[in-house]
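First up is the structure itself, then whatever we jot down about it.
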Amino acid sequence: MTKLFYFSGTGNTLWSAKKIAEILDGQLFNIGVEMRKPAETIEADRVILLFPAYAYQSPLLVRCFLDRSEFRSPYMAALTTFGSDPGGALAEVYRIFKRKKTPASYFAAIPSVENYIPIFGPQPEKTKQRRLALQEKATEKIAQDILQRKTNSVWPLRPLSMGISSLFKLSKSFFVKGFKVSAVCNGCGVCARICPAANIVIEKGKPVFLRRCEQCQACLNWCPRRAIGYLRFEPDTCQYHHPQVSVSEMYCSL
Ligand SMILES: Cc1cc2nc3c(=O)[nH]c(=O)nc-3n(C[C@H](O)[C@H](O)[C@H](O)COP(=O)(O)O)c2cc1C
Ligand code: SF4
Ligand code: SF4
C-alpha cells in the first residue's frame, strides 16, 4: 500500500498527488483533514508527502504533521511543488526525517504555476500553460522513479532559506490583517470548508479570519463570488486554481 499525504491551497499539489496515486495505485490523505484528527502511526509500504514550497521552506501545518506523526515505512518520499525556486523546502523535510530517525528515501521538486498572486500578481496565460505542461512531465517522471523505488538525497543545510522563512513567519501577524470581504459575499461557507488551517469561521453570514493562516491562497481563489481580497489581490479580479482540480476535492470539512 502507498499512502500519499498532501497539503494544497490552489490544487497544484493535489493534481500531482492524484496523478502519482493513479500510477502507484495509492491512497490519498489531505493533511488539512488529518490535522483535525488525533495523531496516528502511519504504516505503509511507501509514504509520499506532497506540499507547496512556502518562502523557501514548507507550510507550518506540514511541519506540525511531520512532527506529531510516527512513520513505519521502508520508503519515504517528499515532493514539493513550486512557482519559481523551491529553495530549501526539501532540505527542511530531510532534516525533520533525520531528527525523527525516519528513513528518508527520495526527494523531488515539481515546477508548477506560481499561485502567490497578492505578491507576484497573476501569471500570464502563456506562462500558466507552459508551467502546467512542465508539472505534468515532472510528475510522471517522479511517479516512475517512485514505482522503481529509486533513492536520492538532498543537501540538508540551507541557511539563506532558513532566514527567508523566519522573516516570512515574523510577517504572518501583519499579513493576517490583509483580508477584506466585499458585499457580494453570500455567506455560503466555501472558504471555511476549504481552509486547510481551519482559520475561517462564518459569523453572522460573513467569514471571520483567525490567526493561524498559512497564506495558502485557497479562500481567495475558490470563493464562488470572488468576494475575498487580500493585499493587492482585489475582490472580483483574477483567480487561479489548477484547471483539473474541482472545489469539492479541496474541502477539508463538511
Ligand atoms: C505563501 C506562499 C509562499 C510561496 N513561496 C514560494 C517559494 O518560496 N518558492 C516558489 O518557487 N514558490 C513559492 N510559492 C508558490 C507555490 O509553491 C506554488 O504555486 C505551488 O505549486 C502552489 O501549490 P498549491 O496549488 O497546491 O497550493 C509560494 C506560494 C505561497 C502561497
Ligand atoms: S466563499 Fe466567498 S461568498 Fe462564500 S462565505 Fe466565503 S467569502 Fe463569502
Ligand atoms: S485563511 Fe485563506 S489563505 Fe489563510 S490558510 Fe485559510 S484558506 Fe489559506
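Going by the C-alpha cells order, chains are called A, B, ..., each with residues numbered from 1, while ligands are numbered from 1 in the order shown.
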Cut-off 9 Å, only C-alpha atoms and all ligand atoms, neighbours of ligand 3 as a PDB file with N, CA and C atoms, in the first residue's frame:
ATOM      1  N   GLY A   9      -3.290  24.431  -1.561  1.00  0.00           N
ATOM      2  CA  GLY A   9      -4.182  25.592  -1.480  1.00  0.00           C
ATOM      3  C   GLY A   9      -4.949  25.805  -2.773  1.00  0.00           C
ATOM      4  N   VAL A 176      -2.133  38.803   8.512  1.00  0.00           N
ATOM      5  CA  VAL A 176      -3.469  38.384   8.928  1.00  0.00           C
ATOM      6  C   VAL A 176      -4.474  39.544   8.813  1.00  0.00           C
ATOM      7  N   PHE A 179      -6.802  40.644   4.863  1.00  0.00           N
ATOM      8  CA  PHE A 179      -8.015  40.144   4.203  1.00  0.00           C
ATOM      9  C   PHE A 179      -9.123  41.201   4.182  1.00  0.00           C
ATOM     10  N   CYS A 191     -15.323  29.095   1.753  1.00  0.00           N
ATOM     11  CA  CYS A 191     -13.978  29.474   2.243  1.00  0.00           C
ATOM     12  C   CYS A 191     -13.654  28.748   3.550  1.00  0.00           C
ATOM     13  N   ALA A 192     -14.638  28.641   4.452  1.00  0.00           N
ATOM     14  CA  ALA A 192     -14.397  27.974   5.735  1.00  0.00           C
ATOM     15  C   ALA A 192     -14.161  26.477   5.531  1.00  0.00           C
ATOM     16  N   ARG A 193     -14.921  25.862   4.596  1.00  0.00           N
ATOM     17  CA  ARG A 193     -14.781  24.413   4.370  1.00  0.00           C
ATOM     18  C   ARG A 193     -13.439  24.082   3.710  1.00  0.00           C
ATOM     19  N   ILE A 194     -12.936  25.009   2.928  1.00  0.00           N
ATOM     20  CA  ILE A 194     -11.754  24.739   2.113  1.00  0.00           C
ATOM     21  C   ILE A 194     -10.443  25.052   2.835  1.00  0.00           C
ATOM     22  N   CYS A 195     -10.512  25.856   3.884  1.00  0.00           N
ATOM     23  CA  CYS A 195      -9.277  26.332   4.546  1.00  0.00           C
ATOM     24  C   CYS A 195      -8.564  25.165   5.238  1.00  0.00           C
ATOM     25  N   PRO A 196      -7.352  24.804   4.822  1.00  0.00           N
ATOM     26  CA  PRO A 196      -6.673  23.663   5.443  1.00  0.00           C
ATOM     27  C   PRO A 196      -6.237  23.928   6.877  1.00  0.00           C
ATOM     28  N   ALA A 197      -6.172  25.217   7.236  1.00  0.00           N
ATOM     29  CA  ALA A 197      -5.698  25.563   8.579  1.00  0.00           C
ATOM     30  C   ALA A 197      -6.846  25.806   9.544  1.00  0.00           C
ATOM     31  N   ALA A 198      -8.087  25.568   9.116  1.00  0.00           N
ATOM     32  CA  ALA A 198      -9.276  25.857   9.945  1.00  0.00           C
ATOM     33  C   ALA A 198      -9.191  27.282  10.494  1.00  0.00           C
ATOM     34  N   ASN A 199      -8.848  28.213   9.617  1.00  0.00           N
ATOM     35  CA  ASN A 199      -8.610  29.603  10.041  1.00  0.00           C
ATOM     36  C   ASN A 199      -9.819  30.508   9.800  1.00  0.00           C
ATOM     37  N   ILE A 200     -10.905  29.948   9.224  1.00  0.00           N
ATOM     38  CA  ILE A 200     -12.057  30.801   8.896  1.00  0.00           C
ATOM     39  C   ILE A 200     -13.300  30.261   9.589  1.00  0.00           C
ATOM     40  N   VAL A 208     -14.889  35.192   9.113  1.00  0.00           N
ATOM     41  CA  VAL A 208     -14.001  35.882  10.054  1.00  0.00           C
ATOM     42  C   VAL A 208     -12.683  35.108  10.036  1.00  0.00           C
ATOM     43  N   PHE A 209     -11.576  35.835   9.872  1.00  0.00           N
ATOM     44  CA  PHE A 209     -10.263  35.203   9.743  1.00  0.00           C
ATOM     45  C   PHE A 209      -9.566  35.190  11.101  1.00  0.00           C
ATOM     46  N   LEU A 210      -9.127  33.995  11.535  1.00  0.00           N
ATOM     47  CA  LEU A 210      -8.457  33.853  12.827  1.00  0.00           C
ATOM     48  C   LEU A 210      -6.950  34.122  12.656  1.00  0.00           C
ATOM     49  N   ARG A 211      -6.122  33.572  13.513  1.00  0.00           N
ATOM     50  CA  ARG A 211      -4.704  33.943  13.488  1.00  0.00           C
ATOM     51  C   ARG A 211      -3.784  32.790  13.096  1.00  0.00           C
ATOM     52  N   ARG A 212      -4.331  31.731  12.438  1.00  0.00           N
ATOM     53  CA  ARG A 212      -3.424  30.650  12.058  1.00  0.00           C
ATOM     54  C   ARG A 212      -3.353  30.466  10.537  1.00  0.00           C
ATOM     55  N   CYS A 213      -3.503  31.560   9.812  1.00  0.00           N
ATOM     56  CA  CYS A 213      -3.472  31.498   8.348  1.00  0.00           C
ATOM     57  C   CYS A 213      -2.119  31.005   7.847  1.00  0.00           C
ATOM     58  N   GLU A 214      -2.161  30.095   6.863  1.00  0.00           N
ATOM     59  CA  GLU A 214      -0.941  29.561   6.255  1.00  0.00           C
ATOM     60  C   GLU A 214      -0.593  30.318   4.974  1.00  0.00           C
ATOM     61  N   GLN A 215      -1.437  31.271   4.572  1.00  0.00           N
ATOM     62  CA  GLN A 215      -1.230  32.015   3.312  1.00  0.00           C
ATOM     63  C   GLN A 215      -1.419  31.122   2.077  1.00  0.00           C
ATOM     64  N   CYS A 216      -2.216  30.071   2.226  1.00  0.00           N
ATOM     65  CA  CYS A 216      -2.269  29.072   1.143  1.00  0.00           C
ATOM     66  C   CYS A 216      -2.995  29.563  -0.101  1.00  0.00           C
ATOM     67  N   GLN A 217      -3.768  30.626   0.009  1.00  0.00           N
ATOM     68  CA  GLN A 217      -4.483  31.255  -1.116  1.00  0.00           C
ATOM     69  C   GLN A 217      -5.784  30.556  -1.508  1.00  0.00           C
ATOM     70  N   ALA A 218      -6.159  29.515  -0.776  1.00  0.00           N
ATOM     71  CA  ALA A 218      -7.355  28.759  -1.160  1.00  0.00           C
ATOM     72  C   ALA A 218      -8.613  29.621  -1.109  1.00  0.00           C
ATOM     73  N   CYS A 219      -8.819  30.313   0.017  1.00  0.00           N
ATOM     74  CA  CYS A 219     -10.082  31.058   0.173  1.00  0.00           C
ATOM     75  C   CYS A 219     -10.251  32.101  -0.928  1.00  0.00           C
ATOM     76  N   LEU A 220      -9.152  32.805  -1.278  1.00  0.00           N
ATOM     77  CA  LEU A 220      -9.232  33.854  -2.303  1.00  0.00           C
ATOM     78  C   LEU A 220      -9.583  33.276  -3.667  1.00  0.00           C
ATOM     79  N   ASN A 221      -8.978  32.144  -3.963  1.00  0.00           N
ATOM     80  CA  ASN A 221      -9.075  31.627  -5.323  1.00  0.00           C
ATOM     81  C   ASN A 221     -10.263  30.710  -5.575  1.00  0.00           C
ATOM     82  N   TRP A 222     -10.873  30.203  -4.500  1.00  0.00           N
ATOM     83  CA  TRP A 222     -12.005  29.289  -4.702  1.00  0.00           C
ATOM     84  C   TRP A 222     -13.342  29.921  -4.339  1.00  0.00           C
ATOM     85  N   TYR A 230      -7.119  40.375  -0.737  1.00  0.00           N
ATOM     86  CA  TYR A 230      -6.008  40.235   0.204  1.00  0.00           C
ATOM     87  C   TYR A 230      -4.829  41.039  -0.329  1.00  0.00           C
TER      88      TYR A 230
END
(message) What does the list of residues within 6 Å of ligand 2 look like if you count only C-alpha atoms and all ligand atoms, written as a ChimeraX atom specification?
(response) /A:185-191,206-207,223-225,227-228
Determine, using only C-alpha atoms and all ligand atoms, which residues of chain A have any atom at most 7 Å from an atom of ligand 1, and tabulate each with its shortest atom pair and distance in Å to one decimal place, rows ordered by chain and then rising number, as CSV.
residue,atom,partner,partner_atom_place_in_ligand_line,distance
A:Phe7,CA,ligand 1,26 (O),6.5
A:Ser8,CA,ligand 1,26 (O),3.5
A:Gly9,CA,ligand 1,27 (O),3.4
A:Thr10,CA,ligand 1,25 (O),3.4
A:Gly11,CA,ligand 1,25 (O),4.1
A:Asn12,CA,ligand 1,25 (O),3.6
A:Thr13,CA,ligand 1,26 (O),3.6
A:Leu14,CA,ligand 1,26 (O),5.8
A:Phe51,CA,ligand 1,26 (O),6.5
A:Pro52,CA,ligand 1,17 (O),4.1
A:Ala53,CA,ligand 1,17 (O),4.0
A:Tyr54,CA,ligand 1,5 (N),3.4
A:Ala55,CA,ligand 1,8 (O),3.4
A:Tyr56,CA,ligand 1,8 (O),3.7
A:Gln57,CA,ligand 1,8 (O),6.5
A:Thr81,CA,ligand 1,21 (O),4.4
A:Phe82,CA,ligand 1,17 (O),3.7
A:Gly83,CA,ligand 1,11 (O),3.7
A:Ser84,CA,ligand 1,11 (O),3.6
A:Asp85,CA,ligand 1,11 (O),3.6
A:Pro86,CA,ligand 1,9 (N),4.3
A:Gly87,CA,ligand 1,8 (O),6.3
A:Ser112,CA,ligand 1,21 (O),4.7
A:Val113,CA,ligand 1,19 (O),5.0
A:Glu114,CA,ligand 1,19 (O),3.6
A:Asn115,CA,ligand 1,19 (O),4.0
A:Tyr116,CA,ligand 1,31 (C),4.3
A:Glu214,CA,ligand 1,1 (C),6.9
A:Gln215,CA,ligand 1,1 (C),4.7
A:Cys216,CA,ligand 1,31 (C),4.7
A:Gln217,CA,ligand 1,31 (C),5.6
A:His241,CA,ligand 1,25 (O),6.6
A:His242,CA,ligand 1,25 (O),6.6
(request) Would you please give, as an MDAnalysis selection string, all residues of segment 142-183 of chain A that DSSP assigns to alpha helix (DSSP H) based on the backbone? (result) chainID A and resid 142:147 159:175
(request) Determine, counting only C-alpha atoms, which protein, DNA and RNA residues have an atom within 10 Å of an atom of Ala133 of chain A; residues of the same chain fewer than 5 positions away are not included. Present the result as a list in words. (result)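 My reading of the contact set: Pro111, Ser112, Val113, Thr127, Lys128, Ala138 and Thr139 of chain A.
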Dump as an mmCIF file, in the first residue's frame, selection limited to N, CA and C atoms:
data_model
loop_
_atom_site.group_PDB
_atom_site.id
_atom_site.type_symbol
_atom_site.label_atom_id
_atom_site.label_comp_id
_atom_site.auth_asym_id
_atom_site.auth_seq_id
_atom_site.Cartn_x
_atom_site.Cartn_y
_atom_site.Cartn_z
ATOM 1 N N PRO A 111 7.910 21.649 -10.826
ATOM 2 C CA PRO A 111 7.545 23.007 -11.265
ATOM 3 C C PRO A 111 6.040 23.115 -11.479
ATOM 4 N N SER A 112 5.456 24.209 -11.009
ATOM 5 C CA SER A 112 4.001 24.406 -11.105
ATOM 6 C C SER A 112 3.731 25.880 -11.369
ATOM 7 N N VAL A 113 2.459 26.227 -11.473
ATOM 8 C CA VAL A 113 2.083 27.634 -11.669
ATOM 9 C C VAL A 113 2.255 28.378 -10.341
ATOM 10 N N THR A 127 2.447 31.650 -19.717
ATOM 11 C CA THR A 127 3.302 31.121 -18.636
ATOM 12 C C THR A 127 2.573 29.993 -17.912
ATOM 13 N N LYS A 128 1.270 30.206 -17.664
ATOM 14 C CA LYS A 128 0.490 29.176 -16.964
ATOM 15 C C LYS A 128 0.519 27.876 -17.764
ATOM 16 N N ALA A 138 7.095 16.454 -15.144
ATOM 17 C CA ALA A 138 7.875 16.152 -13.930
ATOM 18 C C ALA A 138 7.131 15.146 -13.057
ATOM 19 N N THR A 139 5.822 15.308 -12.937
ATOM 20 C CA THR A 139 5.040 14.415 -12.068
ATOM 21 C C THR A 139 5.107 12.977 -12.591
#
(message) Under the rule that only C-alpha atoms are counted, which of A:Arg95, A:Lys141, A:Lys150, A:Lys101 is the nearest residue to Met162 of chain A?
(response)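 Smallest distance to Met162 of chain A is found for A:Arg95.
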